[in-house]
Amino acid sequence: MSTSPEATFDRNYARHLQHLTLKGLQPKTIEAYSRAIRRIGERFDHQIDALSEQQLLDYFTELVASHSWSSVKLDLYGLKFYYEHVLRRPWAMPGLIKYGMDCPGTWEILCIRPTQAALSTGLGQALVGVFTAKGANDEDKSWSGEANP
């Protein structure tokens, strides 16, 4: 008898809360990381244990458009913590979001061009470039890149 995705998610979410508490994280960090897992769980129908690179790119690109950079960063760190401590897997996307080295005070999401094989399967458009935000204001956000068919 297989377990439903929601039951697996609930079990792993409870383990996530245990790890957050036992690692001595501050209450606000625990709340932020647990909120991140709930939000990601809702987005992917409670099936977050094997997200692909493209799913992560899509999720964080959508999140950038609707939430503050602080929320984006906390969701990333919460998911990374979940993968490392609950699933016991290394985080596979270390460069997904990085601090802007050439422009202090900015965060960037790197959008990766898919392989030719992925394009030939008709997976749609690929975003290529960097989305940069210098602060919480929409005026400080910019996109440098292009959408490719």
# chains A, B, ... in the order shown; residues from 1 in each chain; ligands from 1
call {"tool": "residues_around", "arguments": {"residues": "Thr8 (chain A)", "least_positions_apart": "2", "cutoff": "12 Å", "atoms": "only C-alpha atoms", "output": "PyMOL selection string"}}
result
chain A and resi 2-6+10-15+41+45-49+86-87
call {"tool": "write_last_selection", "arguments": {"atoms": "all heavy atoms", "output": "short mmCIF file (atom, residue, chain, number, x, y, z; two decimals), in the first residue's frame"}}
result
data_model
loop_
_atom_site.label_atom_id
_atom_site.label_comp_id
_atom_site.auth_asym_id
_atom_site.auth_seq_id
_atom_site.Cartn_x
_atom_site.Cartn_y
_atom_site.Cartn_z
N SER A 2 0.71 2.09 -0.99
CA SER A 2 1.54 3.29 -1.08
C SER A 2 0.92 4.44 -0.28
O SER A 2 -0.28 4.51 -0.09
CB SER A 2 1.73 3.69 -2.55
OG SER A 2 0.50 4.08 -3.10
N THR A 3 1.79 5.31 0.16
CA THR A 3 1.37 6.46 0.94
C THR A 3 1.04 7.61 0.00
O THR A 3 1.73 7.83 -0.98
CB THR A 3 2.50 6.88 1.90
OG1 THR A 3 2.88 5.74 2.66
CG2 THR A 3 2.07 7.97 2.82
N SER A 4 0.00 8.37 0.31
CA SER A 4 -0.38 9.50 -0.54
C SER A 4 0.69 10.60 -0.43
O SER A 4 1.38 10.70 0.58
CB SER A 4 -1.73 10.05 -0.10
OG SER A 4 -1.60 10.77 1.11
N PRO A 5 0.82 11.40 -1.50
CA PRO A 5 1.79 12.49 -1.45
C PRO A 5 1.55 13.44 -0.27
O PRO A 5 2.50 13.91 0.36
CB PRO A 5 1.59 13.22 -2.78
CG PRO A 5 1.01 12.19 -3.68
CD PRO A 5 0.17 11.30 -2.81
N GLU A 6 0.29 13.69 0.06
CA GLU A 6 -0.01 14.60 1.16
C GLU A 6 0.42 14.01 2.51
O GLU A 6 0.94 14.71 3.37
CB GLU A 6 -1.49 14.96 1.18
CG GLU A 6 -1.78 16.10 2.12
CD GLU A 6 -3.15 16.71 1.90
OE1 GLU A 6 -3.83 16.35 0.93
OE2 GLU A 6 -3.52 17.57 2.72
N ASP A 10 3.14 15.60 4.95
CA ASP A 10 2.85 15.90 6.36
C ASP A 10 3.88 15.26 7.29
O ASP A 10 4.33 15.90 8.25
CB ASP A 10 1.45 15.42 6.73
CG ASP A 10 0.34 16.24 6.08
OD1 ASP A 10 0.62 17.36 5.60
OD2 ASP A 10 -0.80 15.74 6.05
N ARG A 11 4.25 14.03 7.02
CA ARG A 11 5.27 13.34 7.83
C ARG A 11 6.62 14.06 7.74
O ARG A 11 7.27 14.34 8.75
CB ARG A 11 5.39 11.88 7.40
CG ARG A 11 6.33 11.06 8.28
CD ARG A 11 6.47 9.61 7.83
NE ARG A 11 7.10 9.53 6.53
CZ ARG A 11 6.53 9.10 5.40
NH1 ARG A 11 5.27 8.72 5.40
NH2 ARG A 11 7.19 9.07 4.27
N ASN A 12 7.02 14.40 6.52
CA ASN A 12 8.31 15.08 6.34
C ASN A 12 8.28 16.51 6.88
O ASN A 12 9.28 17.01 7.38
CB ASN A 12 8.72 15.07 4.87
CG ASN A 12 9.25 13.72 4.45
OD1 ASN A 12 9.57 12.87 5.28
ND2 ASN A 12 9.32 13.49 3.15
N TYR A 13 7.13 17.17 6.78
CA TYR A 13 7.00 18.52 7.34
C TYR A 13 7.18 18.48 8.86
O TYR A 13 7.86 19.33 9.44
CB TYR A 13 5.63 19.11 6.97
CG TYR A 13 5.40 20.50 7.54
CD1 TYR A 13 6.02 21.60 6.97
CD2 TYR A 13 4.58 20.68 8.65
CE1 TYR A 13 5.81 22.87 7.49
CE2 TYR A 13 4.37 21.95 9.17
CZ TYR A 13 5.00 23.04 8.58
OH TYR A 13 4.81 24.30 9.11
N ALA A 14 6.60 17.47 9.51
CA ALA A 14 6.77 17.33 10.96
C ALA A 14 8.23 17.07 11.31
O ALA A 14 8.76 17.64 12.28
CB ALA A 14 5.89 16.19 11.48
N ARG A 15 8.91 16.26 10.51
CA ARG A 15 10.34 16.03 10.72
C ARG A 15 11.14 17.32 10.51
O ARG A 15 12.10 17.59 11.23
CB ARG A 15 10.85 14.93 9.78
CG ARG A 15 10.35 13.54 10.17
CD ARG A 15 10.89 12.46 9.26
NE ARG A 15 12.33 12.43 9.28
CZ ARG A 15 13.09 12.11 8.23
NH1 ARG A 15 12.53 11.78 7.08
NH2 ARG A 15 14.40 12.10 8.32
N GLY A 41 5.08 23.31 -0.91
CA GLY A 41 4.22 22.12 -0.93
C GLY A 41 2.91 22.38 -1.63
O GLY A 41 2.43 21.56 -2.42
N ASP A 45 1.70 20.46 -5.22
CA ASP A 45 0.78 19.41 -4.78
C ASP A 45 1.41 18.46 -3.78
O ASP A 45 1.23 17.24 -3.86
CB ASP A 45 0.23 18.64 -5.98
CG ASP A 45 -0.59 19.51 -6.91
OD1 ASP A 45 -1.32 20.39 -6.41
OD2 ASP A 45 -0.48 19.33 -8.14
N HIS A 46 2.16 19.01 -2.84
CA HIS A 46 2.78 18.28 -1.74
C HIS A 46 3.84 17.27 -2.19
O HIS A 46 4.22 16.40 -1.43
CB HIS A 46 1.72 17.59 -0.87
CG HIS A 46 0.74 18.57 -0.30
ND1 HIS A 46 -0.51 18.75 -0.83
CD2 HIS A 46 0.86 19.45 0.72
CE1 HIS A 46 -1.13 19.69 -0.15
NE2 HIS A 46 -0.33 20.14 0.80
N GLN A 47 4.34 17.42 -3.41
CA GLN A 47 5.36 16.51 -3.93
C GLN A 47 6.64 17.30 -4.14
O GLN A 47 6.96 17.70 -5.27
CB GLN A 47 4.88 15.86 -5.22
CG GLN A 47 3.62 15.02 -5.01
CD GLN A 47 3.13 14.36 -6.27
OE1 GLN A 47 3.92 13.79 -7.02
NE2 GLN A 47 1.84 14.44 -6.52
N ILE A 48 7.39 17.52 -3.07
CA ILE A 48 8.57 18.38 -3.15
C ILE A 48 9.87 17.63 -2.93
O ILE A 48 10.94 18.24 -2.90
CB ILE A 48 8.48 19.55 -2.14
CG1 ILE A 48 8.50 19.03 -0.70
CG2 ILE A 48 7.24 20.38 -2.40
CD1 ILE A 48 8.67 20.14 0.32
N ASP A 49 9.83 16.32 -2.81
CA ASP A 49 11.04 15.56 -2.48
C ASP A 49 11.95 15.32 -3.67
O ASP A 49 13.10 14.91 -3.49
CB ASP A 49 10.67 14.22 -1.84
CG ASP A 49 10.02 14.40 -0.48
OD1 ASP A 49 9.98 15.54 0.02
OD2 ASP A 49 9.54 13.40 0.08
N VAL A 86 16.08 16.78 6.27
CA VAL A 86 14.96 15.84 6.27
C VAL A 86 15.20 14.72 5.27
O VAL A 86 15.08 13.54 5.59
CB VAL A 86 13.62 16.55 5.99
CG1 VAL A 86 12.48 15.55 5.86
CG2 VAL A 86 13.33 17.58 7.07
N LEU A 87 15.56 15.10 4.04
CA LEU A 87 15.77 14.09 2.99
C LEU A 87 17.18 13.53 2.99
O LEU A 87 17.45 12.53 2.33
CB LEU A 87 15.45 14.70 1.61
CG LEU A 87 14.04 15.24 1.43
CD1 LEU A 87 13.88 15.82 0.03
CD2 LEU A 87 13.00 14.17 1.70
#
call {"tool": "closest_residue", "arguments": {"among": "A:Gly24, A:Ala7, A:Ala50, A:Ser66", "to": "Leu79 (chain A)", "atoms": "only C-alpha atoms"}}
result
A:Ala50
call {"tool": "decode", "arguments": {"residues": "region 4-44 of chain A", "atoms": "C-alpha atoms", "output": "PDB file, in the first residue's frame"}}
result
ATOM      1  CA  SER A   4      -0.375   9.501  -0.537  1.00  0.00           C
ATOM      2  CA  PRO A   5       1.792  12.491  -1.451  1.00  0.00           C
ATOM      3  CA  GLU A   6      -0.007  14.602   1.162  1.00  0.00           C
ATOM      4  CA  ALA A   7       0.642  12.035   3.926  1.00  0.00           C
ATOM      5  CA  THR A   8       4.331  11.854   2.957  1.00  0.00           C
ATOM      6  CA  PHE A   9       4.489  15.639   2.930  1.00  0.00           C
ATOM      7  CA  ASP A  10       2.850  15.897   6.360  1.00  0.00           C
ATOM      8  CA  ARG A  11       5.265  13.342   7.830  1.00  0.00           C
ATOM      9  CA  ASN A  12       8.305  15.081   6.339  1.00  0.00           C
ATOM     10  CA  TYR A  13       6.995  18.521   7.344  1.00  0.00           C
ATOM     11  CA  ALA A  14       6.767  17.326  10.965  1.00  0.00           C
ATOM     12  CA  ARG A  15      10.345  16.026  10.724  1.00  0.00           C
ATOM     13  CA  HIS A  16      11.375  19.386   9.251  1.00  0.00           C
ATOM     14  CA  LEU A  17       9.942  21.186  12.292  1.00  0.00           C
ATOM     15  CA  GLN A  18      11.822  18.801  14.595  1.00  0.00           C
ATOM     16  CA  HIS A  19      15.119  19.437  12.815  1.00  0.00           C
ATOM     17  CA  LEU A  20      14.577  23.202  12.848  1.00  0.00           C
ATOM     18  CA  THR A  21      13.978  23.114  16.600  1.00  0.00           C
ATOM     19  CA  LEU A  22      16.825  20.725  17.427  1.00  0.00           C
ATOM     20  CA  LYS A  23      19.336  22.723  15.374  1.00  0.00           C
ATOM     21  CA  GLY A  24      18.681  25.681  17.670  1.00  0.00           C
ATOM     22  CA  LEU A  25      17.307  28.058  15.059  1.00  0.00           C
ATOM     23  CA  GLN A  26      15.509  31.185  16.213  1.00  0.00           C
ATOM     24  CA  PRO A  27      11.680  31.109  16.330  1.00  0.00           C
ATOM     25  CA  LYS A  28      11.356  33.591  13.446  1.00  0.00           C
ATOM     26  CA  THR A  29      13.697  31.497  11.304  1.00  0.00           C
ATOM     27  CA  ILE A  30      11.717  28.359  12.142  1.00  0.00           C
ATOM     28  CA  GLU A  31       8.489  30.105  11.130  1.00  0.00           C
ATOM     29  CA  ALA A  32      10.014  31.428   7.882  1.00  0.00           C
ATOM     30  CA  TYR A  33      11.527  28.074   6.863  1.00  0.00           C
ATOM     31  CA  SER A  34       8.346  26.164   7.732  1.00  0.00           C
ATOM     32  CA  ARG A  35       6.215  28.715   5.823  1.00  0.00           C
ATOM     33  CA  ALA A  36       8.526  28.194   2.843  1.00  0.00           C
ATOM     34  CA  ILE A  37       7.948  24.442   2.885  1.00  0.00           C
ATOM     35  CA  ARG A  38       4.177  24.897   3.190  1.00  0.00           C
ATOM     36  CA  ARG A  39       4.176  27.378   0.261  1.00  0.00           C
ATOM     37  CA  ILE A  40       6.340  25.122  -1.922  1.00  0.00           C
ATOM     38  CA  GLY A  41       4.218  22.122  -0.928  1.00  0.00           C
ATOM     39  CA  GLU A  42       1.048  23.891  -2.030  1.00  0.00           C
ATOM     40  CA  ARG A  43       2.648  24.926  -5.319  1.00  0.00           C
ATOM     41  CA  PHE A  44       3.755  21.366  -6.166  1.00  0.00           C
TER      42      PHE A  44
END
